[in-house]
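Chemist: Below is the structure I would like to discuss, written out as structure tokens.
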Amino acid sequence: RGGGGQQGERLAEADAAAGGRHQAQAGPGRTEARQQADEEVGRLLDSLRERFAELEPVGRPARAGDYAVIDLRTTVHAEEVPEATRPDYLYEVGSGEFGEKLDAELEGKRAGEILKLNDVLPERFGERAGQEVSFSVLVKEVKAKKLPEADDEFAKTASEFDTLAELDASLREQFGKNKERAADAEVRDRVLQTLVDRIDVDLPAGAHVAIVGETGCVKTTFAKLQSRLADPTAGHI
């Protein structure tokens, strides 16, 4: 209330209950943290390799994730549906672009095979979504992704670095910074939530009150809450 002592104690209690500005919950051990970094860097590298992948023809049947060059003709009672017809079209098997049924039929098919099936158009076709249609598909070619090797040449192509080791170090640094930002945000959220849940302040008209504390103890946030510049969804002011 008007007294600065009680208010300071409540702010201190809120900060302690939330774990403190600089005392986040104990994180994983160094081995687990290193494993997390290895996994994340691996995912980022794989994502980069996917972006620089090339398509090469294969003689085997199509699989999910492959690309098929197809002539797709879509009709309703023998009348062509132009917005769902694709001549000489590079189609990703498993994408669901024309519905799951077409994907299921394409898997296991080779170049030269012809498919005929009925299905309904998915939502992406707007006014025609849900309309039952007939698909006629000629598989002209099957292609698979060929990912570049993760080596120095790839690092030069995909980044500003000359070696894979430098790219790896940069990705690890980025991962570490992202983890730190996430941890800081979590601490701030816990502190703010504790303030909202615990603090009940009554400031009479004309009272002079000072909110004191170190940088980061949400003095500004508390002032915004009190002056209704920010409205919480829980707690009592």
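Letters for chains follow the order of the structure tokens (A, B, ...), residue numbers begin at 1 for each chain, and ligand numbers begin at 1 in the order shown.
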Going by DSSP on the backbone, which residues of range 14-133 of chain A come out as helix (DSSP H, G or I)? List them as a PyMOL selection string.
Modeler: chain A and resi 14-17+30-51+82-84+100-106+123-128
Chemist: Go ahead and save the picked residues with C-alpha atoms, as an mmCIF file, in the first residue's frame.
Modeler:
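Everything below was put into result-v1.cif:
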data_model
loop_
_atom_site.group_PDB
_atom_site.id
_atom_site.type_symbol
_atom_site.label_atom_id
_atom_site.label_comp_id
_atom_site.auth_asym_id
_atom_site.auth_seq_id
_atom_site.Cartn_x
_atom_site.Cartn_y
_atom_site.Cartn_z
ATOM 1 C CA ALA A 14 7.572 -12.114 -6.078
ATOM 2 C CA ASP A 15 11.054 -12.201 -7.533
ATOM 3 C CA ALA A 16 12.100 -15.009 -5.188
ATOM 4 C CA ALA A 17 8.972 -17.045 -5.924
ATOM 5 C CA ARG A 30 26.892 -30.356 -19.812
ATOM 6 C CA THR A 31 26.648 -33.697 -21.610
ATOM 7 C CA GLU A 32 22.925 -33.271 -22.248
ATOM 8 C CA ALA A 33 23.405 -29.636 -23.284
ATOM 9 C CA ARG A 34 26.111 -30.684 -25.750
ATOM 10 C CA GLN A 35 23.795 -33.373 -27.115
ATOM 11 C CA GLN A 36 21.020 -30.803 -27.594
ATOM 12 C CA ALA A 37 23.441 -28.517 -29.425
ATOM 13 C CA ASP A 38 24.628 -31.385 -31.637
ATOM 14 C CA GLU A 39 21.034 -32.300 -32.537
ATOM 15 C CA GLU A 40 20.016 -28.710 -33.281
ATOM 16 C CA VAL A 41 23.112 -28.014 -35.384
ATOM 17 C CA GLY A 42 22.459 -31.267 -37.239
ATOM 18 C CA ARG A 43 18.884 -30.165 -37.980
ATOM 19 C CA LEU A 44 20.048 -26.759 -39.190
ATOM 20 C CA LEU A 45 22.674 -28.322 -41.449
ATOM 21 C CA ASP A 46 20.130 -30.775 -42.845
ATOM 22 C CA SER A 47 17.745 -27.893 -43.509
ATOM 23 C CA LEU A 48 20.484 -26.036 -45.396
ATOM 24 C CA ARG A 49 21.307 -29.156 -47.409
ATOM 25 C CA GLU A 50 17.604 -29.548 -48.294
ATOM 26 C CA ARG A 51 17.570 -25.992 -49.639
ATOM 27 C CA PRO A 82 -8.783 -26.126 -65.767
ATOM 28 C CA GLU A 83 -7.781 -24.942 -62.279
ATOM 29 C CA ALA A 84 -6.992 -28.519 -61.247
ATOM 30 C CA GLU A 100 -4.175 -37.926 -50.007
ATOM 31 C CA LYS A 101 -5.677 -40.425 -52.446
ATOM 32 C CA LEU A 102 -3.551 -39.272 -55.388
ATOM 33 C CA ASP A 103 -0.423 -39.453 -53.225
ATOM 34 C CA ALA A 104 -1.271 -42.995 -52.149
ATOM 35 C CA GLU A 105 -1.770 -44.043 -55.779
ATOM 36 C CA LEU A 106 1.466 -42.410 -56.952
ATOM 37 C CA GLU A 123 -9.895 -26.850 -49.543
ATOM 38 C CA ARG A 124 -7.176 -25.000 -51.458
ATOM 39 C CA PHE A 125 -9.410 -25.095 -54.555
ATOM 40 C CA GLY A 126 -11.838 -22.568 -53.091
ATOM 41 C CA GLU A 127 -15.339 -22.798 -54.541
ATOM 42 C CA ARG A 128 -14.572 -26.224 -56.007
#
Chemist: Write out as a PyMOL selection string the residues lying within 12 Å of Val81 in chain A, counting only C-alpha atoms and excluding same-chain residues fewer than 5 positions away.
Modeler: chain A and resi 72-76+86+121+125+128+131-136
Chemist: I need the residue nearest Ala64 in chain A from this list: A:Asp200, A:Glu141, A:Glu97, A:Glu92. Use only C-alpha atoms for the distance.
Modeler: A:Glu92
Chemist: How many Å lie between CA of Thr194 in chain A and CA of Glu180 in chain A, rounded to one decimal?
Modeler: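 For CA of Thr194 in chain A relative to CA of Glu180 in chain A, the distance reads 21.3 Å.
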Chemist: Please identify all polymer residues within 9 Å of Val137 in chain A, counting only C-alpha atoms, omitting same-chain residues fewer than 5 positions from it, and present them as an mmCIF file with N, CA, C and O atoms, in the first residue's frame.
Modeler:
data_model
loop_
_atom_site.group_PDB
_atom_site.id
_atom_site.type_symbol
_atom_site.label_atom_id
_atom_site.label_comp_id
_atom_site.auth_asym_id
_atom_site.auth_seq_id
_atom_site.Cartn_x
_atom_site.Cartn_y
_atom_site.Cartn_z
ATOM 1 N N ILE A 70 4.411 -35.270 -64.069
ATOM 2 C CA ILE A 70 3.149 -35.903 -64.449
ATOM 3 C C ILE A 70 2.348 -35.024 -65.404
ATOM 4 O O ILE A 70 2.516 -33.793 -65.431
ATOM 5 N N ASP A 71 1.512 -35.659 -66.182
ATOM 6 C CA ASP A 71 0.428 -34.980 -66.883
ATOM 7 C C ASP A 71 -0.842 -35.317 -66.110
ATOM 8 O O ASP A 71 -1.265 -36.477 -66.071
ATOM 9 N N LEU A 72 -1.420 -34.320 -65.495
ATOM 10 C CA LEU A 72 -2.615 -34.518 -64.667
ATOM 11 C C LEU A 72 -3.807 -33.831 -65.323
ATOM 12 O O LEU A 72 -3.782 -32.620 -65.566
ATOM 13 N N ARG A 73 -4.820 -34.608 -65.603
ATOM 14 C CA ARG A 73 -6.055 -34.057 -66.161
ATOM 15 C C ARG A 73 -7.184 -34.345 -65.191
ATOM 16 O O ARG A 73 -7.407 -35.483 -64.780
ATOM 17 N N THR A 74 -7.899 -33.280 -64.819
ATOM 18 C CA THR A 74 -8.989 -33.387 -63.854
ATOM 19 C C THR A 74 -10.305 -33.048 -64.558
ATOM 20 O O THR A 74 -10.404 -32.015 -65.236
ATOM 21 N N GLU A 113 3.599 -45.289 -66.274
ATOM 22 C CA GLU A 113 2.329 -45.825 -65.773
ATOM 23 C C GLU A 113 1.242 -44.754 -65.803
ATOM 24 O O GLU A 113 1.512 -43.550 -65.684
ATOM 25 N N ILE A 114 -0.008 -45.212 -65.947
ATOM 26 C CA ILE A 114 -1.175 -44.321 -65.999
ATOM 27 C C ILE A 114 -2.106 -44.651 -64.832
ATOM 28 O O ILE A 114 -2.378 -45.825 -64.558
ATOM 29 N N LEU A 115 -2.569 -43.605 -64.163
ATOM 30 C CA LEU A 115 -3.481 -43.770 -63.026
ATOM 31 C C LEU A 115 -4.822 -43.135 -63.360
ATOM 32 O O LEU A 115 -4.877 -42.078 -63.998
ATOM 33 N N LYS A 116 -5.876 -43.755 -62.894
ATOM 34 C CA LYS A 116 -7.218 -43.167 -62.986
ATOM 35 C C LYS A 116 -7.894 -43.384 -61.637
ATOM 36 O O LYS A 116 -7.943 -44.505 -61.135
ATOM 37 N N LEU A 117 -8.408 -42.303 -61.057
ATOM 38 C CA LEU A 117 -9.053 -42.400 -59.753
ATOM 39 C C LEU A 117 -10.031 -41.254 -59.567
ATOM 40 O O LEU A 117 -9.948 -40.223 -60.261
#
Chemist: Can you measure CA of Leu195 in chain A to CA of Gly176 in chain A for me? One decimal in Å is fine.
Modeler: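 One can read the CA of Leu195 in chain A to CA of Gly176 in chain A distance as 28.9 Å.
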Chemist: CA of Lys224 in chain A to CA of Lys177 in chain A: how many Å, to one decimal?
Modeler: 28.9 Å
Chemist: Given only C-alpha atoms as the basis, pick out the residue of A:Tyr67, A:Val187, A:Gly96, A:Val142 nearest to Pro122 in chain A.
Modeler: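 Under the stated criterion, the closest residue is A:Gly96.
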